[in-house]
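**Student:** This is structure14.txt, which holds compact mmCIF, C-alpha atoms:
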```
# COMPACT_ATOMS: atom_id res chain seq x y z
CA MET A 17 95.82 119.19 95.54
CA THR A 18 92.10 119.82 95.05
CA GLU A 19 89.52 118.47 97.42
CA THR A 20 88.22 115.75 95.14
CA GLU A 21 91.63 114.21 95.01
CA GLN A 22 91.83 113.55 98.71
CA GLU A 23 90.48 110.16 99.54
CA THR A 24 87.68 109.80 102.04
CA VAL A 25 88.97 110.79 105.42
CA GLN A 26 89.14 107.93 107.86
CA ALA A 27 91.12 107.10 110.95
CA ALA A 28 94.75 106.45 109.98
CA PRO A 29 95.40 102.70 110.12
CA ASP A 30 98.16 101.67 112.49
CA LEU A 31 101.37 100.02 111.42
CA ALA A 32 100.24 96.50 112.36
CA ALA A 33 97.08 96.91 110.28
CA LEU A 34 99.10 98.13 107.28
CA GLU A 35 101.51 95.23 107.63
CA GLN A 36 98.56 92.86 107.68
CA GLU A 37 97.27 94.49 104.48
CA GLY A 38 100.65 93.85 102.92
CA GLU A 39 100.58 90.19 103.95
CA ILE A 40 97.14 89.58 102.47
CA ALA A 41 98.08 91.39 99.26
CA ALA A 42 101.35 89.47 98.96
CA ASP A 43 99.52 86.13 99.28
CA TYR A 44 97.02 87.14 96.62
CA ILE A 45 99.73 88.29 94.19
CA GLU A 46 102.01 85.36 94.92
CA GLY A 47 99.20 82.94 94.11
CA LEU A 48 98.71 84.64 90.76
CA LEU A 49 102.45 84.58 89.95
CA ASP A 50 102.59 80.85 90.69
CA ILE A 51 99.63 80.06 88.48
CA ALA A 52 100.79 82.27 85.62
CA ASP A 53 104.34 80.94 85.92
CA ILE A 54 105.81 84.40 86.41
CA ASP A 55 109.02 84.66 88.42
CA GLY A 56 109.40 87.51 90.85
CA ASP A 57 110.12 88.44 94.44
CA ILE A 58 107.61 90.25 96.57
CA ASP A 59 108.73 93.17 98.74
CA MET A 60 106.47 94.57 101.41
CA ASP A 61 106.77 98.03 102.87
CA VAL A 62 104.77 100.76 104.55
CA GLU A 63 105.02 104.28 103.13
CA GLY A 64 103.36 106.89 105.30
CA ASP A 65 99.80 105.68 105.79
CA ARG A 66 99.67 103.02 103.09
CA ALA A 67 100.99 99.54 102.55
CA VAL A 68 103.17 99.04 99.49
CA VAL A 69 103.65 95.67 97.83
CA SER A 70 106.20 95.49 95.00
CA VAL A 71 106.95 92.62 92.69
CA VAL A 72 110.62 92.90 91.80
CA ASP A 73 112.98 90.97 89.51
CA VAL A 74 109.99 89.98 87.37
CA LYS A 75 110.59 87.44 84.62
CA GLY A 76 107.84 86.49 82.20
CA GLY A 77 104.29 87.72 81.87
CA ASP A 78 103.06 91.28 81.55
CA LEU A 79 101.45 92.56 84.71
CA VAL A 80 101.97 96.23 83.85
CA GLY A 81 100.23 96.59 80.48
CA PRO A 82 99.95 99.66 78.25
CA ASN A 83 100.33 102.77 80.42
CA GLY A 84 100.19 100.59 83.51
CA GLU A 85 96.57 99.64 82.85
CA THR A 86 97.03 96.01 83.92
CA LEU A 87 98.86 97.14 87.03
CA GLU A 88 95.95 99.45 87.95
CA ALA A 89 93.49 96.60 87.44
CA LEU A 90 95.54 94.22 89.55
CA GLN A 91 95.92 96.84 92.29
CA GLU A 92 92.16 97.31 92.31
CA LEU A 93 91.57 93.56 92.71
CA THR A 94 94.26 93.31 95.38
CA ARG A 95 92.61 96.09 97.39
CA LEU A 96 89.32 94.19 97.18
CA ALA A 97 91.04 91.02 98.39
CA VAL A 98 92.42 92.96 101.37
CA HIS A 99 89.03 94.52 102.02
CA ARG A 100 87.35 91.13 102.07
CA GLN A 101 89.65 89.92 104.84
CA THR A 102 89.99 93.07 106.94
CA GLY A 103 86.60 94.70 106.34
CA GLU A 104 88.43 98.01 105.88
CA ARG A 105 88.89 99.94 102.67
CA SER A 106 92.48 99.61 101.55
CA ARG A 107 94.69 102.25 99.92
CA LEU A 108 97.43 99.72 99.27
CA MET A 109 99.83 100.46 96.46
CA LEU A 110 101.00 97.73 94.15
CA ASP A 111 104.08 98.07 91.99
CA VAL A 112 105.50 95.68 89.42
CA GLY A 113 109.02 95.86 88.03
CA GLY A 114 109.54 99.37 89.40
CA PHE A 115 106.92 100.81 87.05
CA ARG A 116 105.46 103.25 89.56
CA GLU A 117 108.83 104.29 90.88
CA LYS A 118 110.01 105.13 87.37
CA ARG A 119 106.78 106.93 86.56
CA ARG A 120 107.09 108.91 89.78
CA ALA A 121 110.56 110.12 88.82
CA GLU A 122 109.42 111.10 85.32
CA LEU A 123 106.37 112.95 86.57
CA SER A 124 108.30 114.80 89.29
CA LYS A 125 110.66 116.01 86.60
CA LEU A 126 107.76 116.97 84.35
CA GLY A 127 106.01 118.88 87.16
CA ALA A 128 109.18 120.85 87.95
CA LYS A 129 109.78 121.65 84.28
CA ILE A 130 106.21 122.80 83.61
CA ALA A 131 106.32 124.96 86.76
CA GLU A 132 109.39 126.73 85.36
CA ASP A 133 107.64 127.20 81.98
CA VAL A 134 104.59 128.69 83.67
CA LYS A 135 106.72 131.04 85.80
CA ARG A 136 108.29 132.33 82.61
CA SER A 137 105.12 132.62 80.51
CA GLY A 138 102.67 133.64 83.24
CA GLU A 139 100.03 131.49 81.49
CA PRO A 140 98.20 128.52 83.02
CA LYS A 141 99.28 125.24 81.44
CA PRO A 142 97.05 122.13 81.14
CA LEU A 143 98.72 118.71 81.01
CA GLN A 144 97.69 115.33 79.59
CA PRO A 145 95.01 113.27 81.42
CA MET A 146 96.51 111.22 84.25
CA THR A 147 95.48 108.79 86.96
CA PRO A 148 94.96 110.12 90.51
CA PHE A 149 98.32 108.61 91.50
CA GLU A 150 100.06 110.47 88.68
CA ARG A 151 98.31 113.78 89.31
CA LYS A 152 99.28 113.69 92.96
CA ILE A 153 102.96 113.44 92.00
CA VAL A 154 102.67 116.37 89.59
CA HIS A 155 100.80 118.51 92.16
CA ASP A 156 103.54 117.80 94.69
CA ALA A 157 106.32 118.68 92.24
CA VAL A 158 104.58 121.93 91.24
CA ALA A 159 104.07 122.86 94.90
CA ALA A 160 107.74 122.16 95.59
CA ALA A 161 108.58 124.61 92.78
CA GLY A 162 106.44 127.24 94.55
CA LEU A 163 103.39 127.27 92.25
CA ARG A 164 99.82 126.03 92.55
CA SER A 165 98.01 123.51 90.38
CA GLU A 166 94.53 122.05 90.21
CA SER A 167 92.76 119.19 88.48
CA GLU A 168 90.05 119.68 85.88
CA GLY A 169 87.84 117.43 83.77
CA GLU A 170 86.20 114.13 84.60
CA GLU A 171 87.78 110.72 85.17
CA PRO A 172 89.35 109.02 83.33
CA ARG A 173 90.29 112.19 81.41
CA ARG A 174 91.02 114.33 84.47
CA TYR A 175 94.13 116.43 84.07
CA VAL A 176 96.37 118.83 85.98
CA VAL A 177 96.49 122.55 85.21
CA VAL A 178 99.56 124.40 86.48
CA LEU A 179 98.69 127.96 87.51
CA PRO A 180 100.90 131.05 87.36
CA ALA A 181 101.78 132.78 90.63
CA MET B 23 96.30 78.43 83.19
CA LEU B 24 93.85 81.29 82.52
CA GLU B 25 90.96 79.43 84.15
CA GLU B 26 93.07 78.84 87.21
CA ALA B 27 94.28 82.45 87.32
CA LEU B 28 90.73 83.75 87.04
CA GLU B 29 89.52 81.37 89.72
CA HIS B 30 92.25 82.58 92.06
CA LEU B 31 91.52 86.26 91.40
CA VAL B 32 87.78 85.81 91.96
CA LYS B 33 88.05 83.53 95.01
CA GLY B 34 90.16 86.14 96.76
CA ILE B 35 87.50 88.84 96.54
CA VAL B 36 84.21 87.03 97.25
CA GLU B 37 82.45 86.01 100.47
CA HIS B 38 81.80 82.47 99.22
CA PRO B 39 85.03 81.26 97.59
CA ASP B 40 83.91 77.61 97.68
CA ASP B 41 81.07 78.46 95.33
CA VAL B 42 83.31 79.85 92.58
CA ARG B 43 83.30 77.79 89.35
CA VAL B 44 85.19 78.59 86.18
CA ARG B 45 84.52 76.85 82.89
CA ALA B 46 86.27 77.43 79.56
CA ARG B 47 84.34 77.25 76.31
CA ARG B 48 85.36 77.70 72.71
CA ILE B 49 83.31 79.89 70.46
CA ARG B 50 83.99 80.79 66.85
CA THR B 51 85.70 84.05 67.72
CA GLY B 52 87.88 82.63 70.47
CA ARG B 53 87.64 81.59 74.07
CA VAL B 54 85.12 82.31 76.77
CA LEU B 55 85.79 81.90 80.45
CA GLU B 56 82.55 81.54 82.32
CA VAL B 57 82.74 82.37 86.01
CA ARG B 58 79.91 81.40 88.31
CA VAL B 59 79.67 82.80 91.80
CA HIS B 60 77.26 82.65 94.71
CA PRO B 61 74.25 84.91 93.96
CA ASP B 62 75.23 87.20 96.86
CA ASP B 63 78.68 87.71 95.31
CA LEU B 64 77.61 88.63 91.78
CA GLY B 65 77.38 92.34 92.60
CA LYS B 66 80.82 92.17 94.16
CA VAL B 67 82.56 90.64 91.13
CA ILE B 68 80.87 93.14 88.82
CA GLY B 69 81.58 96.14 91.03
CA ARG B 70 80.27 99.69 90.83
CA GLY B 71 79.72 100.55 87.18
CA GLY B 72 81.32 97.24 86.18
CA ARG B 73 84.65 98.35 87.55
CA THR B 74 85.65 95.02 89.08
CA ALA B 75 84.52 93.03 86.04
CA LYS B 76 86.65 95.33 83.90
CA ALA B 77 89.67 94.81 86.15
CA LEU B 78 89.29 91.02 85.94
CA ARG B 79 89.04 91.18 82.14
CA THR B 80 92.08 93.44 81.88
CA VAL B 81 94.29 91.16 83.96
CA ILE B 82 93.12 87.96 82.24
CA ASN B 83 93.59 89.39 78.76
CA SER B 84 97.01 90.63 79.75
CA LEU B 85 97.96 87.05 80.69
CA ALA B 86 96.45 85.64 77.48
CA ASP B 87 99.39 86.39 75.18
CA GLY B 88 97.53 88.67 72.83
CA LYS B 89 94.63 86.29 72.20
CA PHE B 90 91.26 87.73 73.07
CA VAL B 91 89.46 85.99 75.91
CA ARG B 92 85.91 86.84 76.82
CA VAL B 93 85.07 86.72 80.52
CA ASP B 94 81.43 86.16 81.48
CA LEU B 95 80.27 86.59 85.06
CA LEU B 96 77.21 84.63 86.12
CA ASP B 97 75.20 83.70 89.12
CA LEU B 98 75.69 80.06 90.17
CA ASN B 99 72.07 79.22 89.34
CA GLU B 100 71.85 80.94 86.00
CA ALA B 101 71.15 78.54 83.16
CA ARG B 102 73.27 78.74 80.02
```
Write out the structure in this file as structure tokens.
**Tutor:**
Amino acid sequence: MTETEQETVQAAPDLAALEQEGEIAADYIEGLLDIADIDGDIDMDVEGDRAVVSVVDVKGGDLVGPNGETLEALQELTRLAVHRQTGERSRLMLDVGGFREKRRAELSKLGAKIAEDVKRSGEPKPLQPMTPFERKIVHDAVAAAGLRSESEGEEPRRYVVVLPA
Amino acid sequence: MLEEALEHLVKGIVEHPDDVRVRARRIRTGRVLEVRVHPDDLGKVIGRGGRTAKALRTVINSLADGKFVRVDLLDLNEAR
């Protein structure tokens, strides 16, 4: 992972604070589901140093959008809603209908495959532009395969390059 | 429903939720949702580089069943 991809360093929030983030986020999302008449259950979890709120068993409405664009927008708003109540910047992750989970599995596989390709060819390999969340998964998968990768380009067209050993 | 959804999304992120007003208007090309917020909150709902405004528009248009909806963000005192 390159430096720019690490978020601003701040004191790690404790578990109670992350659970509170989850509660605020869940209220915000639940309110939207009610209004938009979308059925779904809300799961709350803490993964490492971030709160995760997932809407599961979703029926009706599209809160994911093309390439997850609606999901990103909703996550952004949810983080702001948390920030307003806690005064702290939130790194909360929002998932809807398992979209991120699925994307994570696909990208892990992609990262591992590209790492093998690069080991064989010895040539650096640039990938498609991805969101920071997606690049992080690819970087991790490449590192697990024993190679290095970095990000190049500017948002929103920033992309991962897998480097030969 | 869209007015209510927008009101909910905006109220959750501003310092003065009681001052949030949403009004729907029809124009020739479709619908406009006009959101008015406390003057101190306008910067917040627009966000850096319009990032928050863009997020609000994305979510609302996603809920609008393929019909384009314009979202205007205004200060409570702005005349229209």
**Student:** If you measure from CA of Gly113 in chain A to CA of Gly76 in chain A, what distance in Å do you get, rounded to one decimal?
**Tutor:** 11.1 Å
**Student:** Go through B:His60, B:Arg79, B:Arg53, B:Arg47 one by one, measure the shortest atom-to-atom distance of each to chain A using all atoms listed in the file, and give the residue with the smallest value.
**Tutor:**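 Closest to chain A of all the choices is B:Arg79.
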**Student:** Can you tell me which residues surround Val134 in chain A at a distance of at most 10 Å, considering all atoms listed in the file, apart from same-chain residues fewer than 3 positions away, and format the answer as a PyMOL selection string?
**Tutor:** chain A and resi 129-131+137-141+163+178-181
**Student:** Against chain A, which residues of chain B fall within 7 Å? For each one I want the closest pair of atoms and the distance in Å (one decimal), counting all atoms listed in the file, rows by chain and increasing residue number, as a tab-separated table.
**Tutor:**
```
residue	atom	partner	partner_atom	distance
B:Met23	CA	A:Ala52	CA	6.4
B:Glu26	CA	A:Ile51	CA	6.8
B:Ala27	CA	A:Ile51	CA	6.0
B:His30	CA	A:Leu48	CA	6.9
B:Gly34	CA	A:Ala97	CA	5.2
B:Ile35	CA	A:Ala97	CA	4.6
B:Ala77	CA	A:Ala89	CA	4.4
B:Thr80	CA	A:Thr86	CA	5.9
B:Val81	CA	A:Thr86	CA	5.6
B:Ser84	CA	A:Asp78	CA	6.3
B:Leu85	CA	A:Gly77	CA	6.5
```
**Student:** Leaving out Asp73 in chain A and any residue of its chain fewer than 2 positions from it, which residues lie within 8 Å of it when counting all atoms listed in the file, given as a PyMOL selection string?
**Tutor:** chain A and resi 55-57+71+75+113
**Student:** Mind giving me the straight-line distance from CA of Val176 in chain A to CA of Arg136 in chain A in Å, one decimal?
**Tutor:**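 Those two atoms sit 18.3 Å apart.
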**Student:** Interatomic distance between CA of Arg105 in chain A and CA of Asp30 in chain A?
**Tutor:**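 These two atoms are separated by 13.6 Å.
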**Student:** Find, counting all atoms listed in the file, the residue in A:Ala160, A:Val74, A:Glu35, A:Pro148 that gets nearest to Arg173 in chain A.
**Tutor:** A:Pro148
**Student:** Write out as a ChimeraX atom specification each polymer residue whose atoms come within 12 Å of Gly65 in chain B, counting only C-alpha atoms; drop sequence neighbours fewer than 3 positions from it.
**Tutor:** /B:35-37,59-62,68-75,95-97
**Student:** Using only C-alpha atoms, determine which residues lie at most 9 Å from range 119-125 of chain A, disregarding the query and same-chain residues fewer than 4 positions distant; provide the list as JSON, numbers by chain.
**Tutor:** {"A": [114, 115, 129, 130, 149, 150, 151, 153, 154, 155, 156, 157, 158]}
**Student:** Which of these, A:Pro142, A:Ile58, A:Asp133, A:Glu168, has the shortest distance to Val112 in chain A once you count all atoms listed in the file?
**Tutor:** A:Ile58
**Student:** List every protein, DNA or RNA residue with an atom no more than 8 Å from (81.6, 84.0, 89.7) in the file's coordinates, counting only C-alpha atoms, and format the result as an mmCIF file with C-alpha atoms, keeping the file's coordinate frame.
**Tutor:**
```
data_model
loop_
_atom_site.group_PDB
_atom_site.id
_atom_site.type_symbol
_atom_site.label_atom_id
_atom_site.label_comp_id
_atom_site.auth_asym_id
_atom_site.auth_seq_id
_atom_site.Cartn_x
_atom_site.Cartn_y
_atom_site.Cartn_z
ATOM 1 C CA VAL B 32 87.780 85.810 91.960
ATOM 2 C CA ASP B 41 81.070 78.460 95.330
ATOM 3 C CA VAL B 42 83.310 79.850 92.580
ATOM 4 C CA ARG B 43 83.300 77.790 89.350
ATOM 5 C CA VAL B 44 85.190 78.590 86.180
ATOM 6 C CA GLU B 56 82.550 81.540 82.320
ATOM 7 C CA VAL B 57 82.740 82.370 86.010
ATOM 8 C CA ARG B 58 79.910 81.400 88.310
ATOM 9 C CA VAL B 59 79.670 82.800 91.800
ATOM 10 C CA HIS B 60 77.260 82.650 94.710
ATOM 11 C CA ASP B 63 78.680 87.710 95.310
ATOM 12 C CA LEU B 64 77.610 88.630 91.780
ATOM 13 C CA VAL B 67 82.560 90.640 91.130
ATOM 14 C CA LEU B 95 80.270 86.590 85.060
ATOM 15 C CA LEU B 96 77.210 84.630 86.120
ATOM 16 C CA ASP B 97 75.200 83.700 89.120
ATOM 17 C CA LEU B 98 75.690 80.060 90.170
#
```
**Student:** Could you check the closest approach to Leu28 in chain B for each of B:Ile49, B:Asn83, B:Gly88, B:Lys66 and tell me which residue wins, using all atoms listed in the file?
**Tutor:** B:Asn83
**Student:** Which is closer to Lys33 in chain B than all the others in B:Glu100, B:Val93, B:Arg50, B:Leu78, using all atoms listed in the file?
**Tutor:**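 Among the listed residues, B:Leu78 lies closest to Lys33 in chain B.
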**Student:** Under the rule that all atoms listed in the file are counted, which of A:Gly103, A:Gly127, A:Gly162, A:Gly64 is the nearest residue to Leu143 in chain A?
**Tutor:**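 Using all atoms listed in the file, the shortest distance to Leu143 in chain A belongs to A:Gly127.
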**Student:** Would you mind listing what lies within 9 Å of Arg107 in chain A as number ranges by chain, with only C-alpha atoms counted and same-chain residues fewer than 4 positions away left out?
**Tutor:** A: 23, 65-67, 95
